[in-house]
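Asks: Structure file entry-v2.txt, compact mmCIF, C-alpha atoms, is pasted below:
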```
# COMPACT_ATOMS: atom_id res chain seq x y z
CA MET A 1 -182.23 -42.22 -66.63
CA ARG A 2 -183.06 -44.39 -63.62
CA LYS A 3 -183.28 -48.12 -63.98
CA PRO A 4 -186.91 -49.33 -64.37
CA THR A 5 -188.32 -51.27 -61.41
CA ILE A 6 -190.88 -53.99 -60.93
CA LYS A 7 -193.32 -51.26 -59.84
CA ASP A 8 -192.91 -49.55 -63.22
CA VAL A 9 -193.69 -52.82 -64.98
CA ALA A 10 -196.79 -53.38 -62.84
CA LYS A 11 -198.04 -49.85 -63.53
CA GLN A 12 -197.51 -50.06 -67.29
CA ALA A 13 -199.11 -53.51 -67.52
CA GLY A 14 -201.98 -52.56 -65.22
CA VAL A 15 -201.42 -55.49 -62.88
CA SER A 16 -200.26 -56.08 -59.31
CA LEU A 17 -196.65 -56.50 -58.19
CA MET A 18 -197.46 -60.11 -57.32
CA THR A 19 -198.66 -60.76 -60.89
CA VAL A 20 -195.43 -59.35 -62.33
CA SER A 21 -193.40 -61.52 -59.95
CA ARG A 22 -195.40 -64.63 -60.83
CA THR A 23 -194.98 -63.92 -64.55
CA ILE A 24 -191.21 -63.46 -64.27
CA ASN A 25 -190.97 -66.68 -62.24
CA GLN A 26 -193.08 -68.47 -64.88
CA GLU A 27 -195.76 -69.64 -62.46
CA GLU A 28 -198.63 -71.47 -64.15
CA SER A 29 -201.32 -69.50 -62.31
CA VAL A 30 -200.88 -66.45 -64.60
CA ARG A 31 -203.33 -66.29 -67.50
CA GLU A 32 -201.73 -66.17 -70.96
CA VAL A 33 -203.25 -62.81 -71.89
CA THR A 34 -201.94 -61.30 -68.64
CA ARG A 35 -198.53 -62.89 -69.10
CA GLN A 36 -198.20 -61.38 -72.57
CA ARG A 37 -199.16 -57.95 -71.25
CA VAL A 38 -196.54 -58.13 -68.51
CA LEU A 39 -193.83 -59.38 -70.88
CA LYS A 40 -194.64 -56.57 -73.29
CA ALA A 41 -194.19 -54.02 -70.49
CA VAL A 42 -190.90 -55.67 -69.46
CA ASP A 43 -189.65 -55.41 -73.03
CA GLU A 44 -190.81 -51.83 -73.59
CA LEU A 45 -189.28 -50.59 -70.33
CA GLY A 46 -186.11 -52.65 -70.65
CA TYR A 47 -186.67 -54.05 -67.16
CA GLU A 48 -184.02 -56.53 -65.99
CA PRO A 49 -184.75 -58.59 -62.86
CA ASP A 50 -182.01 -58.75 -60.25
CA VAL A 51 -181.04 -62.40 -60.68
CA THR A 52 -178.85 -62.46 -57.56
CA ALA A 53 -181.57 -61.10 -55.30
CA ARG A 54 -184.15 -63.46 -56.79
CA SER A 55 -181.91 -66.48 -56.24
CA LEU A 56 -181.10 -65.50 -52.65
CA ARG A 57 -184.77 -65.04 -51.75
CA GLY A 58 -185.65 -68.59 -52.67
CA THR A 59 -184.35 -71.98 -53.66
CA GLN A 60 -184.65 -71.46 -57.43
CA SER A 61 -181.71 -70.10 -59.40
CA PHE A 62 -182.24 -67.78 -62.35
CA ALA A 63 -178.84 -67.97 -64.02
CA ILE A 64 -177.92 -70.12 -67.02
CA GLY A 65 -174.30 -70.88 -67.93
CA LEU A 66 -173.05 -71.22 -71.51
CA ALA A 67 -169.87 -73.31 -71.62
CA TYR A 68 -167.86 -73.49 -74.82
CA ASP A 69 -164.37 -74.47 -75.97
CA ASP A 70 -161.98 -71.52 -75.73
CA ASN A 71 -160.48 -72.16 -79.17
CA PRO A 72 -163.55 -72.35 -81.40
CA ASN A 73 -164.90 -70.59 -84.48
CA ALA A 74 -165.55 -67.04 -83.23
CA ASN A 75 -168.59 -66.60 -85.50
CA TYR A 76 -170.13 -69.77 -84.10
CA VAL A 77 -169.66 -68.59 -80.52
CA LEU A 78 -171.16 -65.14 -81.17
CA SER A 79 -174.21 -66.62 -82.87
CA MET A 80 -174.63 -69.19 -80.09
CA GLN A 81 -174.43 -66.48 -77.41
CA LYS A 82 -177.07 -64.45 -79.22
CA GLY A 83 -179.53 -67.34 -79.26
CA VAL A 84 -178.94 -68.43 -75.65
CA LEU A 85 -179.26 -64.83 -74.43
CA ALA A 86 -182.54 -64.40 -76.35
CA ALA A 87 -184.05 -67.44 -74.62
CA CYS A 88 -182.82 -66.26 -71.22
CA ARG A 89 -184.45 -62.88 -71.72
CA GLU A 90 -187.69 -64.50 -72.85
CA ARG A 91 -187.88 -66.61 -69.69
CA GLY A 92 -186.51 -64.17 -67.11
CA TYR A 93 -183.07 -65.74 -66.68
CA GLU A 94 -179.59 -64.22 -66.71
CA LEU A 95 -176.69 -65.60 -68.75
CA LEU A 96 -173.15 -66.35 -67.66
CA ILE A 97 -170.74 -67.01 -70.55
CA HIS A 98 -167.65 -69.05 -69.75
CA PRO A 99 -164.97 -70.39 -72.14
CA TYR A 100 -163.05 -73.53 -71.21
CA ASP A 101 -160.28 -75.67 -72.57
CA ALA A 102 -162.24 -78.74 -73.61
CA SER A 103 -159.12 -80.91 -73.25
CA ALA A 104 -158.30 -79.74 -69.70
CA PRO A 105 -157.98 -82.71 -67.29
CA ARG A 106 -159.91 -80.89 -64.52
CA LEU A 107 -162.71 -79.58 -66.76
CA VAL A 108 -165.55 -81.28 -64.86
CA GLU A 109 -164.20 -79.96 -61.57
CA GLU A 110 -164.12 -76.44 -63.02
CA LEU A 111 -167.69 -76.70 -64.32
CA CYS A 112 -168.95 -78.00 -60.97
CA LYS A 113 -167.14 -75.21 -59.12
CA LEU A 114 -168.71 -72.62 -61.44
CA ALA A 115 -172.18 -74.07 -60.96
CA ARG A 116 -171.86 -74.02 -57.15
CA ASN A 117 -170.18 -70.62 -56.79
CA VAL A 118 -172.59 -68.76 -59.04
CA ARG A 119 -175.64 -70.90 -58.16
CA LEU A 120 -176.34 -71.75 -61.78
CA ALA A 121 -179.70 -73.25 -62.63
CA GLY A 122 -178.04 -75.27 -65.38
CA LEU A 123 -175.56 -75.36 -68.24
CA VAL A 124 -175.83 -75.16 -72.02
CA LEU A 125 -172.99 -77.29 -73.39
CA THR A 126 -171.56 -76.93 -76.90
CA PRO A 127 -169.23 -79.29 -78.80
CA PRO A 128 -166.89 -80.94 -78.08
CA MET A 129 -167.80 -80.89 -74.35
CA SER A 130 -171.41 -81.72 -75.15
CA GLU A 131 -170.27 -84.87 -76.97
CA ASP A 132 -167.96 -86.26 -74.27
CA PRO A 133 -169.77 -89.19 -72.54
CA ALA A 134 -167.39 -89.25 -69.54
CA LEU A 135 -167.86 -85.53 -68.89
CA LEU A 136 -171.65 -85.80 -69.18
CA SER A 137 -171.78 -88.74 -66.78
CA GLN A 138 -169.76 -86.84 -64.20
CA LEU A 139 -172.02 -83.78 -64.48
CA GLN A 140 -175.03 -86.05 -63.97
CA ALA A 141 -173.39 -87.58 -60.90
CA ALA A 142 -172.84 -84.07 -59.52
CA ASN A 143 -176.56 -83.27 -60.08
CA ILE A 144 -175.81 -80.34 -62.40
CA PRO A 145 -178.63 -79.87 -64.95
CA PHE A 146 -177.51 -79.38 -68.54
CA VAL A 147 -178.62 -79.52 -72.15
CA ARG A 148 -176.27 -80.56 -74.96
CA ILE A 149 -175.94 -79.26 -78.49
CA ILE A 150 -174.63 -82.12 -80.62
CA ALA A 151 -174.21 -83.35 -84.19
CA ALA A 152 -176.41 -86.39 -84.72
CA ARG A 153 -178.97 -87.89 -87.10
CA GLN A 154 -181.47 -88.57 -84.32
CA GLU A 155 -181.92 -87.82 -80.65
CA PRO A 156 -179.79 -90.21 -78.56
CA ASP A 157 -181.76 -92.63 -76.40
CA ASP A 158 -179.81 -91.89 -73.23
CA GLY A 159 -182.22 -89.69 -71.28
CA MET A 160 -179.94 -86.63 -71.43
CA PRO A 161 -181.67 -83.59 -73.00
CA CYS A 162 -180.20 -82.25 -76.20
CA VAL A 163 -180.74 -80.27 -79.36
CA TYR A 164 -179.17 -82.04 -82.31
CA VAL A 165 -178.02 -80.92 -85.75
CA ASP A 166 -178.30 -83.29 -88.71
CA ASP A 167 -174.97 -82.47 -90.37
CA HIS A 168 -175.05 -85.75 -92.27
CA SER A 169 -178.10 -84.81 -94.35
CA ALA A 170 -176.72 -81.35 -95.11
CA ALA A 171 -173.33 -82.73 -96.20
CA TYR A 172 -175.14 -85.27 -98.36
CA ALA A 173 -177.08 -82.42 -100.03
CA ILE A 174 -173.91 -80.43 -100.74
CA THR A 175 -172.17 -83.45 -102.28
CA ALA A 176 -175.26 -84.36 -104.31
CA HIS A 177 -175.37 -80.76 -105.62
CA LEU A 178 -171.77 -81.08 -106.86
CA ILE A 179 -172.53 -84.47 -108.45
CA GLN A 180 -175.61 -83.08 -110.18
CA LEU A 181 -173.43 -80.34 -111.66
CA GLY A 182 -171.35 -83.11 -113.23
CA HIS A 183 -168.43 -83.45 -110.81
CA THR A 184 -167.00 -86.91 -110.12
CA ARG A 185 -163.60 -85.90 -108.68
CA ILE A 186 -164.78 -84.35 -105.41
CA ALA A 187 -162.34 -83.88 -102.54
CA PHE A 188 -163.31 -83.65 -98.89
CA LEU A 189 -161.40 -81.79 -96.15
CA TRP A 190 -162.12 -82.96 -92.61
CA GLY A 191 -162.57 -80.78 -89.52
CA ASP A 192 -161.27 -81.59 -86.03
CA PRO A 193 -161.95 -85.30 -85.35
CA GLN A 194 -162.99 -84.70 -81.70
CA TYR A 195 -166.10 -82.89 -82.94
CA HIS A 196 -168.92 -85.25 -83.94
CA SER A 197 -169.77 -82.87 -86.79
CA SER A 198 -166.57 -83.96 -88.58
CA PRO A 199 -167.42 -87.67 -89.06
CA GLU A 200 -171.08 -86.80 -89.63
CA ARG A 201 -170.19 -84.44 -92.49
CA TYR A 202 -167.69 -86.91 -93.90
CA GLN A 203 -170.25 -89.72 -93.85
CA GLY A 204 -172.79 -87.53 -95.64
CA TYR A 205 -170.20 -86.92 -98.35
CA ALA A 206 -169.28 -90.61 -98.58
CA ASP A 207 -172.92 -91.75 -98.68
CA ALA A 208 -173.77 -89.32 -101.49
CA LEU A 209 -170.86 -90.61 -103.58
CA ARG A 210 -171.93 -94.21 -102.96
CA ASP A 211 -175.58 -93.56 -103.79
CA HIS A 212 -174.61 -91.90 -107.07
CA GLY A 213 -172.23 -94.71 -108.07
CA ILE A 214 -169.06 -92.66 -107.68
CA PRO A 215 -166.05 -94.36 -106.06
CA LEU A 216 -164.58 -92.72 -102.98
CA ARG A 217 -160.92 -91.86 -103.63
CA LYS A 218 -158.90 -91.87 -100.43
CA LYS A 219 -156.32 -89.49 -101.89
CA PHE A 220 -159.10 -86.87 -102.17
CA VAL A 221 -159.94 -87.11 -98.44
CA LEU A 222 -157.56 -85.22 -96.14
CA PRO A 223 -157.61 -84.98 -92.32
CA GLY A 224 -157.16 -81.64 -90.58
CA THR A 225 -158.83 -78.98 -88.46
CA TYR A 226 -161.58 -76.39 -88.74
CA VAL A 227 -159.27 -73.46 -89.56
CA TYR A 228 -158.58 -71.28 -92.60
CA GLU A 229 -154.84 -71.99 -92.70
CA ASP A 230 -155.44 -75.74 -92.75
CA GLY A 231 -157.84 -75.36 -95.66
CA PHE A 232 -155.22 -73.38 -97.57
CA ARG A 233 -152.45 -75.91 -96.86
CA ARG A 234 -154.49 -78.96 -97.82
CA ALA A 235 -155.88 -77.34 -100.97
CA ARG A 236 -152.37 -76.50 -102.18
CA LYS A 237 -151.43 -80.16 -101.66
CA LEU A 238 -154.45 -81.40 -103.61
CA LEU A 239 -153.99 -78.92 -106.45
CA ALA A 240 -150.31 -79.76 -106.85
CA ALA A 241 -150.98 -83.47 -107.37
CA LYS A 242 -150.89 -85.24 -110.73
CA GLU A 243 -154.64 -85.87 -110.63
CA VAL A 244 -156.57 -83.00 -109.15
CA PRO A 245 -160.20 -82.70 -108.03
CA THR A 246 -162.68 -80.55 -109.95
CA ALA A 247 -164.51 -79.75 -106.71
CA ILE A 248 -163.48 -79.44 -103.05
CA PHE A 249 -165.90 -79.68 -100.13
CA GLY A 250 -164.51 -78.08 -96.97
CA SER A 251 -166.05 -79.18 -93.66
CA ASN A 252 -166.71 -75.56 -92.71
CA ASP A 253 -166.59 -72.13 -94.33
CA GLU A 254 -163.19 -71.25 -92.86
CA ILE A 255 -161.69 -74.31 -94.53
CA ALA A 256 -163.50 -73.48 -97.78
CA ALA A 257 -162.24 -69.89 -97.65
CA GLY A 258 -158.71 -71.25 -97.27
CA VAL A 259 -159.28 -73.44 -100.34
CA LEU A 260 -160.49 -70.40 -102.27
CA ALA A 261 -157.36 -68.43 -101.31
CA ALA A 262 -155.17 -71.36 -102.37
CA ALA A 263 -156.88 -71.49 -105.77
CA HIS A 264 -156.44 -67.73 -106.25
CA SER A 265 -152.77 -67.97 -105.24
CA ILE A 266 -151.94 -70.30 -108.13
CA GLY A 267 -154.25 -68.80 -110.71
CA ILE A 268 -157.01 -71.41 -110.70
CA LYS A 269 -160.37 -69.94 -111.65
CA VAL A 270 -163.33 -70.50 -109.33
CA PRO A 271 -165.79 -71.89 -110.32
CA GLY A 272 -164.48 -72.22 -113.90
CA GLU A 273 -161.71 -74.67 -113.08
CA LEU A 274 -162.57 -75.58 -109.50
CA SER A 275 -165.85 -75.61 -107.57
CA ILE A 276 -165.70 -75.03 -103.81
CA ALA A 277 -168.31 -75.62 -101.10
CA GLY A 278 -168.24 -74.99 -97.36
CA PHE A 279 -170.54 -75.53 -94.39
CA GLU A 280 -172.28 -73.30 -91.77
CA ASP A 281 -172.92 -70.07 -93.78
CA ASN A 282 -170.77 -67.81 -91.63
CA PRO A 283 -169.42 -64.42 -92.83
CA PHE A 284 -166.52 -66.17 -94.62
CA SER A 285 -168.97 -67.67 -97.11
CA ARG A 286 -170.85 -64.44 -97.83
CA ARG A 287 -167.84 -62.11 -98.08
CA ALA A 288 -165.64 -64.37 -100.17
CA TRP A 289 -165.18 -63.79 -103.90
CA PRO A 290 -166.91 -65.59 -105.36
CA ALA A 291 -169.42 -66.16 -102.56
CA LEU A 292 -169.34 -69.75 -101.31
CA THR A 293 -171.93 -72.45 -101.75
CA THR A 294 -172.56 -73.79 -98.25
CA ALA A 295 -175.10 -75.19 -95.77
CA ARG A 296 -176.87 -72.60 -93.64
CA GLN A 297 -176.70 -73.59 -89.97
CA THR A 298 -179.01 -71.45 -87.83
CA THR A 299 -176.66 -71.40 -84.85
CA SER A 300 -178.53 -68.64 -83.03
CA GLU A 301 -181.83 -70.55 -83.17
CA ILE A 302 -180.08 -73.76 -82.14
CA GLY A 303 -178.76 -71.99 -79.03
CA ARG A 304 -182.14 -70.43 -78.29
CA HIS A 305 -184.03 -73.72 -78.46
CA ALA A 306 -181.38 -75.56 -76.46
CA THR A 307 -181.81 -73.00 -73.68
CA LEU A 308 -185.60 -73.24 -73.85
CA ARG A 309 -185.31 -77.00 -73.49
CA LEU A 310 -183.03 -76.65 -70.47
CA ILE A 311 -185.48 -74.27 -68.80
CA ALA A 312 -188.35 -76.65 -69.57
CA GLU A 313 -186.38 -79.46 -67.89
CA LEU A 314 -185.70 -77.23 -64.87
CA LEU A 315 -189.36 -76.28 -64.51
CA GLN A 316 -190.54 -79.80 -65.42
CA ARG A 317 -193.03 -78.34 -67.83
CA THR A 318 -193.06 -76.88 -71.32
CA PRO A 319 -192.81 -73.09 -71.13
CA PRO A 320 -195.55 -71.11 -72.92
CA GLY A 321 -194.78 -69.75 -76.37
CA ASP A 322 -193.51 -71.38 -79.56
CA PRO A 323 -192.79 -75.13 -79.51
CA ILE A 324 -189.26 -76.21 -78.63
CA GLN A 325 -187.42 -77.49 -81.70
CA ILE A 326 -184.81 -80.15 -80.99
CA ARG A 327 -183.80 -81.20 -84.53
CA PHE A 328 -182.13 -78.85 -86.99
CA THR A 329 -180.95 -79.62 -90.54
CA PRO A 330 -178.67 -77.05 -92.20
CA GLU A 331 -180.07 -75.86 -95.53
CA LEU A 332 -178.16 -75.97 -98.83
CA VAL A 333 -177.34 -72.46 -100.08
CA ILE A 334 -176.10 -72.35 -103.68
CA ARG A 335 -173.85 -69.42 -104.54
CA ASP A 336 -171.28 -68.53 -107.19
CA SER A 337 -168.44 -70.85 -106.13
CA THR A 338 -169.94 -73.97 -107.72
CA ALA A 339 -170.59 -74.67 -111.40
CA PRO A 340 -170.36 -77.57 -113.86
CA PRO A 341 -166.80 -78.77 -114.48
CA GLN A 342 -165.11 -77.58 -117.66
CA THR A 343 -165.43 -79.96 -120.56
CA ASN A 344 -162.04 -78.84 -121.85
CA PRO A 345 -160.14 -77.80 -118.71
CA THR A 346 -156.97 -75.75 -119.10
CA ARG A 347 -155.25 -77.77 -116.35
CA ASN A 348 -153.57 -81.08 -117.03
CA ASN A 349 -156.17 -83.29 -115.32
CA SER A 350 -156.35 -87.05 -115.64
CA PRO A 351 -159.63 -88.55 -116.88
CA ALA A 352 -162.33 -89.11 -114.24
```
Would you mind giving the structure from this file in structure tokens?

Replies:
Amino acid sequence: MRKPTIKDVAKQAGVSLMTVSRTINQEESVREVTRQRVLKAVDELGYEPDVTARSLRGTQSFAIGLAYDDNPNANYVLSMQKGVLAACRERGYELLIHPYDASAPRLVEELCKLARNVRLAGLVLTPPMSEDPALLSQLQAANIPFVRIIAARQEPDDGMPCVYVDDHSAAYAITAHLIQLGHTRIAFLWGDPQYHSSPERYQGYADALRDHGIPLRKKFVLPGTYVYEDGFRRARKLLAAKEVPTAIFGSNDEIAAGVLAAAHSIGIKVPGELSIAGFEDNPFSRRAWPALTTARQTTSEIGRHATLRLIAELLQRTPPGDPIQIRFTPELVIRDSTAPPQTNPTRNNSPA
């Protein structure tokens, strides 16, 4: 089948070619009812504007770049791509996906080169690049528009657009859930320290313990990274100690899945002898046995709204449609991996 053209869209929507063009370019002169009719025709026909030709004909670029660390959680990246692509399609933009080494010394130079060579309209930045003040300042100095996705409790007052995720509140809710079940020996496994989500999640855990009058035990808090193997290794260390936790909170679901595997490997029953919680609600949490209690992070929607905010900044107006959400709080999801601690545990645990 031949590729649908702008003429096909105009015919199906019952409007002129100029109206289709103005709708795709998001010009304010198009009435909302007409805009919706054109967008419906675009969707039904599967019409895709030629972003290169559009950019060459004028001064406005119609390509958005998604930059992410090249060694991240694969599930996070796929969900983020889905959301950014959805927003691009809604607003008539194309998407260029580009992984980078966030620790590379010439990262800013690479991003600037990408933006110039491909004529990007702007960049969607994910952690940890989005949380690096020096990198952001250099992008600003190079006049490259961007929006950041960050972990924070409120929008930073620095004038740089962002969508922020309140990991602190979600981690507090997970820890409070374990406390309400009756746990007082709750361990916490950190993620990579260069991600702001790691200290935010830790602080949520620490604040919940404090507010419920439970002392924070440093031996139950272990540094590490956001990977399954690290969760397994640290859990084995905790569970081999003289005094063991009755619950372990992993900073993400990969860590928590590693904890679960460690418990299975030495015959510890979950949740009978050990409760486990993760964070993010990725496939690890849903496919594990038992399924993991976690915090559902709507990564796809976070990416979508970040892109909508970037486009709004580029156009210097709020695009039509649903309001742009800039604050997200992951939601507690209680599953089978958490339960009250045993009153008569089979393991040789010290008193709480």

Asks: Quick one: everything within 10 Å of A:Ser197, counting only C-alpha atoms, minus sequence neighbours fewer than 6 positions away in the same chain. Send it as a list of chain:residue names.

Replies: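 So, after excluding close chain neighbours, the residues are A:Pro127, A:Pro128, A:Ile150, A:Ala151, A:Ala152, A:Val165, A:Asp166, A:Asp167, A:His168, A:Trp190, A:Gly191, A:Gln203, A:Ser251, A:Asn252.
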
Asks: With C-alpha atoms retained, could you export that selection as an mmCIF file, in the frame of the given file?

Replies:
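Now in part-v3.cif:
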```
data_model
loop_
_atom_site.group_PDB
_atom_site.id
_atom_site.type_symbol
_atom_site.label_atom_id
_atom_site.label_comp_id
_atom_site.auth_asym_id
_atom_site.auth_seq_id
_atom_site.Cartn_x
_atom_site.Cartn_y
_atom_site.Cartn_z
ATOM 1 C CA PRO A 127 -169.230 -79.290 -78.800
ATOM 2 C CA PRO A 128 -166.890 -80.940 -78.080
ATOM 3 C CA ILE A 150 -174.630 -82.120 -80.620
ATOM 4 C CA ALA A 151 -174.210 -83.350 -84.190
ATOM 5 C CA ALA A 152 -176.410 -86.390 -84.720
ATOM 6 C CA VAL A 165 -178.020 -80.920 -85.750
ATOM 7 C CA ASP A 166 -178.300 -83.290 -88.710
ATOM 8 C CA ASP A 167 -174.970 -82.470 -90.370
ATOM 9 C CA HIS A 168 -175.050 -85.750 -92.270
ATOM 10 C CA TRP A 190 -162.120 -82.960 -92.610
ATOM 11 C CA GLY A 191 -162.570 -80.780 -89.520
ATOM 12 C CA GLN A 203 -170.250 -89.720 -93.850
ATOM 13 C CA SER A 251 -166.050 -79.180 -93.660
ATOM 14 C CA ASN A 252 -166.710 -75.560 -92.710
#
```

Asks: List the neighbours of stretch 210-222 of chain A out to 8 Å using only C-alpha atoms; skip same-chain residues closer than 3 positions along the sequence, and give me the result as a list in words.

Replies: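 Selected residues are Ile179, Thr184, Arg185, Ile186, Ala187, Phe188, Leu189, Trp190, Ala206, Asp207, Arg234, Leu238 and Pro245 of chain A.
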
Asks: With all atoms listed in the file as the counted atoms, please give the residues lying no more than 10 Å from A:Ala247, apart from itself and same-chain residues fewer than 3 positions off, as a list in words.

Replies: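 Non-adjacent residues within range: Thr175, Leu178, Ile179, His183, Thr184, Arg185, Ile186, Ala187, Phe188, Val244, Gly250, Val270, Pro271, Glu273, Leu274, Ser275, Ile276, Ala277, Ser337, Thr338, Ala339, Pro340 and Pro341 of chain A.
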
Asks: Please list as a ChimeraX atom specification every residue within 9 Å of A:Val333, counting all atoms listed in the file and excluding residues in the same chain fewer than 6 positions away.

Replies: /A:174,281,292-296

Asks: Please provide as a PDB file with C-alpha atoms, keeping the file's coordinate frame all residues within 8 Å of stretch 84-98 of chain A, with the sequence filter that same-chain residues fewer than 2 positions apart are discarded (counting all atoms listed in the file).

Replies:
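Okay, part-v7.pdb is ready:
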```pdb
ATOM      1  CA  ILE A  24    -191.210 -63.460 -64.270  1.00  0.00           C
ATOM      2  CA  ASN A  25    -190.970 -66.680 -62.240  1.00  0.00           C
ATOM      3  CA  GLN A  26    -193.080 -68.470 -64.880  1.00  0.00           C
ATOM      4  CA  PRO A  49    -184.750 -58.590 -62.860  1.00  0.00           C
ATOM      5  CA  VAL A  51    -181.040 -62.400 -60.680  1.00  0.00           C
ATOM      6  CA  PHE A  62    -182.240 -67.780 -62.350  1.00  0.00           C
ATOM      7  CA  ALA A  63    -178.840 -67.970 -64.020  1.00  0.00           C
ATOM      8  CA  ILE A  64    -177.920 -70.120 -67.020  1.00  0.00           C
ATOM      9  CA  GLY A  65    -174.300 -70.880 -67.930  1.00  0.00           C
ATOM     10  CA  LEU A  66    -173.050 -71.220 -71.510  1.00  0.00           C
ATOM     11  CA  ALA A  67    -169.870 -73.310 -71.620  1.00  0.00           C
ATOM     12  CA  TYR A  68    -167.860 -73.490 -74.820  1.00  0.00           C
ATOM     13  CA  MET A  80    -174.630 -69.190 -80.090  1.00  0.00           C
ATOM     14  CA  GLN A  81    -174.430 -66.480 -77.410  1.00  0.00           C
ATOM     15  CA  LYS A  82    -177.070 -64.450 -79.220  1.00  0.00           C
ATOM     16  CA  TYR A 100    -163.050 -73.530 -71.210  1.00  0.00           C
ATOM     17  CA  SER A 300    -178.530 -68.640 -83.030  1.00  0.00           C
ATOM     18  CA  GLY A 303    -178.760 -71.990 -79.030  1.00  0.00           C
ATOM     19  CA  ARG A 304    -182.140 -70.430 -78.290  1.00  0.00           C
ATOM     20  CA  HIS A 305    -184.030 -73.720 -78.460  1.00  0.00           C
ATOM     21  CA  ALA A 306    -181.380 -75.560 -76.460  1.00  0.00           C
ATOM     22  CA  THR A 307    -181.810 -73.000 -73.680  1.00  0.00           C
ATOM     23  CA  LEU A 308    -185.600 -73.240 -73.850  1.00  0.00           C
TER      24      LEU A 308
END
```

Asks: What does the structure give for the distance between atom CA of A:Leu310 and atom CA of A:Thr298, in Å to one decimal?

Replies: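 Separating atom CA of A:Leu310 from atom CA of A:Thr298 is a distance of 18.6 Å.
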
Asks: So how many Å separate atom CA of A:Pro193 and atom CA of A:Gly231, to one decimal?

Replies: 14.9 Å

Asks: For each of A:Ser29, A:Val42, A:Leu120, A:Ala312, take the minimum atom-to-atom distance to A:Lys7, counting all atoms listed in the file, then give the residue where this is smallest.

Replies: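 Using all atoms listed in the file, the shortest distance to A:Lys7 belongs to A:Val42.
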
Asks: Could you please determine the separation between atom CA of A:Gln325 and atom CA of A:Val163 in Å, to one decimal place?

Replies: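 Atom-to-atom, atom CA of A:Gln325 to atom CA of A:Val163, that is 7.6 Å.
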